[in-house]
Structures are given as structure tokens and as C-alpha cells.
Amino acid sequence: MGLDRTAVVTAALELLDEAGLDKLTMRKVAERLGVRLNTVYWHASSKPRLLELMADTMLVGCADAPLPDSWDDRACTLAHRYRAALLSRRDGARVVAGTYVAEEHTLRFADALTGAFLSGGHSATEAGWRTWSLVYFTLGLTQEEQAAQGIGGMEPLLRAATAGRFPALAAVAGHFGDFEHRFRHGVGLIVRGREASA
């Protein structure tokens, strides 16, 4: 059976989990598959293209049924699925953030999320902007969450935010919450607005 694109992407995702994004190379993918480098390039013309395919594969199933009937619950569910997909792979958020994917699973997810906002009575402009806001917020927070795993989390910031030098930060530092709390609050703000989120 000949090598196909799925096998190349699968091998790349396995290497990503093992070594991280910085050590992922086309050559290592070829070595993992036991093929020549040009064979990998046949299926993914460059590393950026490979990352696009990896990013799209990570979102398989994110837009699948069942989804809640109410537009706001649907948008929140999709956001949580998106974060879970990013967290399912080492450096997953960095992979997705560095791409501009126009592939099936990414477009299905974006269509479902935008459709949720349209169902909520938002204009096309507002639905588009809320979709972008939710995607960017999730990507940014998840990148920080994955990076924090290797640097001791929030402890350095909490130690540095002393009342004498940074009074505003010190006043709220005890309320930062963990990444899960921050994510839920941010999603609530973007989807439902401040009052509902609170």
C-alpha cells in the first residue's frame, strides 16, 4: 500500500507529541516513515503546508453533532471543543496559531461557530467579529497554558506583583484563577456579555 497524506500527517503529529514543535522537521517525518525526503514533500510541499494539514487534522470532530440547540450554548460548546483539540497535542495551540488553514475540518468548525452567532440574531459583521474574537482568545490563552507547563505557571508573576510596586495587579492577583476559570470567563464575555458571564 502506498504512502498517503494521512500517514504523513499522522507521523508528524506523533513527532510533535514526542519532541515538540521546535524539533519537528520534514526530514524527521521522512525518517519516521522510512521514506525519502522528497516523498514527504510530495504530500506536503513545505513545512508550513504540513503544519496546515496538522492543524486541520487536530480539529477533526470539533463541529460534529450533537450540539446544543440554543445559539449561546452551542457557541460555548464549540469553544470548549476547540480548546480541548488544541490541548490534545503538545504545542497544539502554537501549531494552529501559525497557520491560515482553508481545509475541511477547520472550515466546518468556523462555519458552525459563525452559524451559532448568526442564529443568536447577530448581524453578519458582529457574528464574524465574535467568531474571530473567540478563536483568537482561545488560541492565545491555550498557548500560554501550554507554555506555562514548562516554566512554573503563574508563580513568578504572583511573586513579582507586590502591592508596593504594582498595586493594581496585587489587588487582583488572588482572583486570577486557573486556566480553566479564565477560559470559561472569557468565553462568557465574548458569547453572552459581561452580565451573563458574571
# chains A, B, ... in the order shown; residues from 1 in each chain; ligands from 1
>>> closest_atom_pairs(of="stretch 84-158 of chain A", to="stretch 50-64 of chain A", cutoff="7 Å", atoms="only C-alpha atoms", output="JSON lines")
{"residue": "A:Ala85", "atom": "CA", "partner": "A:Met58", "partner_atom": "CA", "distance": 5.9}
{"residue": "A:Val95", "atom": "CA", "partner": "A:Ala55", "partner_atom": "CA", "distance": 6.2}
{"residue": "A:Val96", "atom": "CA", "partner": "A:Ala55", "partner_atom": "CA", "distance": 5.1}
{"residue": "A:Thr99", "atom": "CA", "partner": "A:Glu52", "partner_atom": "CA", "distance": 5.7}
{"residue": "A:Val101", "atom": "CA", "partner": "A:Glu52", "partner_atom": "CA", "distance": 5.6}
{"residue": "A:Glu103", "atom": "CA", "partner": "A:Asp56", "partner_atom": "CA", "distance": 6.3}
{"residue": "A:His105", "atom": "CA", "partner": "A:Val60", "partner_atom": "CA", "distance": 5.6}
{"residue": "A:Thr106", "atom": "CA", "partner": "A:Asp56", "partner_atom": "CA", "distance": 5.5}
{"residue": "A:Arg108", "atom": "CA", "partner": "A:Ala63", "partner_atom": "CA", "distance": 6.2}
{"residue": "A:Phe109", "atom": "CA", "partner": "A:Ala63", "partner_atom": "CA", "distance": 4.9}
{"residue": "A:Ala112", "atom": "CA", "partner": "A:Ala63", "partner_atom": "CA", "distance": 6.3}
>>> residues_around(residues="stretch 123-136 of chain A", least_positions_apart="4", cutoff="10 Å", atoms="only C-alpha atoms", output="mmCIF file with N, CA, C and O atoms, in the first residue's frame")
data_model
loop_
_atom_site.group_PDB
_atom_site.id
_atom_site.type_symbol
_atom_site.label_atom_id
_atom_site.label_comp_id
_atom_site.auth_asym_id
_atom_site.auth_seq_id
_atom_site.Cartn_x
_atom_site.Cartn_y
_atom_site.Cartn_z
ATOM 1 N N ALA A 75 -22.284 27.942 20.874
ATOM 2 C CA ALA A 75 -21.012 28.650 20.717
ATOM 3 C C ALA A 75 -20.044 28.283 21.832
ATOM 4 O O ALA A 75 -18.846 28.058 21.588
ATOM 5 N N CYS A 76 -20.538 28.199 23.064
ATOM 6 C CA CYS A 76 -19.672 27.831 24.190
ATOM 7 C C CYS A 76 -19.147 26.405 24.044
ATOM 8 O O CYS A 76 -17.969 26.139 24.307
ATOM 9 N N LEU A 78 -18.691 24.735 21.271
ATOM 10 C CA LEU A 78 -17.688 24.728 20.201
ATOM 11 C C LEU A 78 -16.362 25.292 20.701
ATOM 12 O O LEU A 78 -15.292 24.769 20.371
ATOM 13 N N ALA A 79 -16.412 26.344 21.497
ATOM 14 C CA ALA A 79 -15.179 26.929 22.034
ATOM 15 C C ALA A 79 -14.459 25.933 22.937
ATOM 16 O O ALA A 79 -13.231 25.790 22.868
ATOM 17 N N TYR A 82 -12.818 23.322 20.838
ATOM 18 C CA TYR A 82 -11.641 23.881 20.182
ATOM 19 C C TYR A 82 -10.443 23.856 21.126
ATOM 20 O O TYR A 82 -9.352 23.411 20.778
ATOM 21 N N ARG A 83 -10.658 24.327 22.346
ATOM 22 C CA ARG A 83 -9.575 24.312 23.333
ATOM 23 C C ARG A 83 -9.109 22.895 23.612
ATOM 24 O O ARG A 83 -7.902 22.628 23.700
ATOM 25 N N ALA A 97 -1.952 28.399 15.645
ATOM 26 C CA ALA A 97 -1.815 29.851 15.590
ATOM 27 C C ALA A 97 -0.909 30.305 14.452
ATOM 28 O O ALA A 97 -1.055 31.413 13.946
ATOM 29 N N ALA A 110 -15.344 26.631 11.829
ATOM 30 C CA ALA A 110 -15.600 28.065 11.709
ATOM 31 C C ALA A 110 -17.034 28.338 11.264
ATOM 32 O O ALA A 110 -17.678 29.279 11.736
ATOM 33 N N ASP A 111 -17.541 27.507 10.361
ATOM 34 C CA ASP A 111 -18.908 27.669 9.876
ATOM 35 C C ASP A 111 -19.907 27.432 11.003
ATOM 36 O O ASP A 111 -20.891 28.168 11.140
ATOM 37 N N ALA A 112 -19.645 26.409 11.820
ATOM 38 C CA ALA A 112 -20.552 26.101 12.929
ATOM 39 C C ALA A 112 -20.541 27.209 13.972
ATOM 40 O O ALA A 112 -21.600 27.604 14.494
ATOM 41 N N LEU A 113 -19.360 27.750 14.279
ATOM 42 C CA LEU A 113 -19.269 28.803 15.283
ATOM 43 C C LEU A 113 -19.915 30.094 14.774
ATOM 44 O O LEU A 113 -20.693 30.738 15.488
ATOM 45 N N THR A 114 -19.628 30.464 13.546
ATOM 46 C CA THR A 114 -20.253 31.655 12.968
ATOM 47 C C THR A 114 -21.759 31.473 12.877
ATOM 48 O O THR A 114 -22.533 32.409 13.162
ATOM 49 N N GLY A 115 -22.184 30.280 12.511
ATOM 50 C CA GLY A 115 -23.613 29.983 12.426
ATOM 51 C C GLY A 115 -24.309 30.114 13.762
ATOM 52 O O GLY A 115 -25.470 30.547 13.828
ATOM 53 N N ALA A 116 -23.618 29.774 14.842
ATOM 54 C CA ALA A 116 -24.210 29.923 16.175
ATOM 55 C C ALA A 116 -24.494 31.391 16.459
ATOM 56 O O ALA A 116 -25.585 31.746 16.936
ATOM 57 N N PHE A 117 -23.538 32.254 16.152
ATOM 58 C CA PHE A 117 -23.751 33.688 16.390
ATOM 59 C C PHE A 117 -24.846 34.263 15.481
ATOM 60 O O PHE A 117 -25.642 35.098 15.906
ATOM 61 N N LEU A 118 -24.882 33.813 14.240
ATOM 62 C CA LEU A 118 -25.955 34.257 13.352
ATOM 63 C C LEU A 118 -27.310 33.810 13.876
ATOM 64 O O LEU A 118 -28.296 34.563 13.811
ATOM 65 N N SER A 119 -27.380 32.614 14.430
ATOM 66 C CA SER A 119 -28.637 32.106 14.996
ATOM 67 C C SER A 119 -29.076 32.924 16.201
ATOM 68 O O SER A 119 -30.260 32.956 16.531
ATOM 69 N N GLY A 140 -4.739 32.235 22.107
ATOM 70 C CA GLY A 140 -3.787 32.926 22.975
ATOM 71 C C GLY A 140 -3.722 32.310 24.359
ATOM 72 O O GLY A 140 -2.630 32.066 24.893
ATOM 73 N N LEU A 141 -4.874 32.073 24.965
ATOM 74 C CA LEU A 141 -4.904 31.501 26.306
ATOM 75 C C LEU A 141 -4.296 30.109 26.311
ATOM 76 O O LEU A 141 -3.536 29.748 27.220
ATOM 77 N N THR A 142 -4.601 29.305 25.295
ATOM 78 C CA THR A 142 -4.098 27.942 25.269
ATOM 79 C C THR A 142 -2.599 27.895 25.005
ATOM 80 O O THR A 142 -1.891 27.048 25.551
ATOM 81 N N GLY A 186 -13.715 34.163 29.951
ATOM 82 C CA GLY A 186 -13.510 34.830 28.674
ATOM 83 C C GLY A 186 -14.534 34.427 27.633
ATOM 84 O O GLY A 186 -15.058 35.276 26.895
ATOM 85 N N VAL A 187 -14.841 33.146 27.578
ATOM 86 C CA VAL A 187 -15.858 32.675 26.641
ATOM 87 C C VAL A 187 -17.203 33.304 26.978
ATOM 88 O O VAL A 187 -17.948 33.741 26.088
ATOM 89 N N GLY A 188 -17.514 33.378 28.267
ATOM 90 C CA GLY A 188 -18.772 34.003 28.679
ATOM 91 C C GLY A 188 -18.860 35.453 28.254
ATOM 92 O O GLY A 188 -19.907 35.924 27.804
ATOM 93 N N LEU A 189 -17.745 36.174 28.388
ATOM 94 C CA LEU A 189 -17.731 37.579 27.975
ATOM 95 C C LEU A 189 -17.980 37.731 26.482
ATOM 96 O O LEU A 189 -18.749 38.591 26.046
ATOM 97 N N ILE A 190 -17.312 36.908 25.690
ATOM 98 C CA ILE A 190 -17.411 37.039 24.236
ATOM 99 C C ILE A 190 -18.775 36.581 23.735
ATOM 100 O O ILE A 190 -19.375 37.202 22.849
ATOM 101 N N VAL A 191 -19.285 35.494 24.307
ATOM 102 C CA VAL A 191 -20.541 34.924 23.793
ATOM 103 C C VAL A 191 -21.759 35.646 24.353
ATOM 104 O O VAL A 191 -22.640 36.061 23.595
#
>>> atom_distance(atom1="atom CA of A:Pro68", atom2="atom CA of A:Gln146")
28.4 Å
>>> closest_atom_pairs(of="stretch 60-149 of chain A", to="stretch 3-18 of chain A", cutoff="10 Å", atoms="only C-alpha atoms", output="tab-separated table")
residue	atom	partner	partner_atom	distance
A:Ser88	CA	A:Asp17	CA	9.2
A:Arg89	CA	A:Asp17	CA	6.0
A:Arg90	CA	A:Asp17	CA	4.9
A:Asp91	CA	A:Leu16	CA	7.5
A:Gly92	CA	A:Leu16	CA	8.5
A:Val95	CA	A:Leu16	CA	9.4
>>> atom_distance(atom1="atom CA of A:Gly177", atom2="atom CA of A:Leu86")
20.4 Å
>>> atom_distance(atom1="atom CA of A:Asp72", atom2="atom CA of A:His185")
13.9 Å
>>> select_by_dssp(residues="stretch 37-158 of chain A", states="helix (DSSP H, G or I)", output="ChimeraX atom specification")
/A:37-43,47-58,71-87,92-97,104-119,124-148,155-158
>>> closest_residue(among="A:Arg165, A:Lys23, A:Leu107, A:Val29", to="A:Tyr41", atoms="only C-alpha atoms")
A:Val29
>>> closest_residue(among="A:Ala161, A:Ala102, A:Met26, A:Ala170", to="A:His43", atoms="only C-alpha atoms")
A:Met26
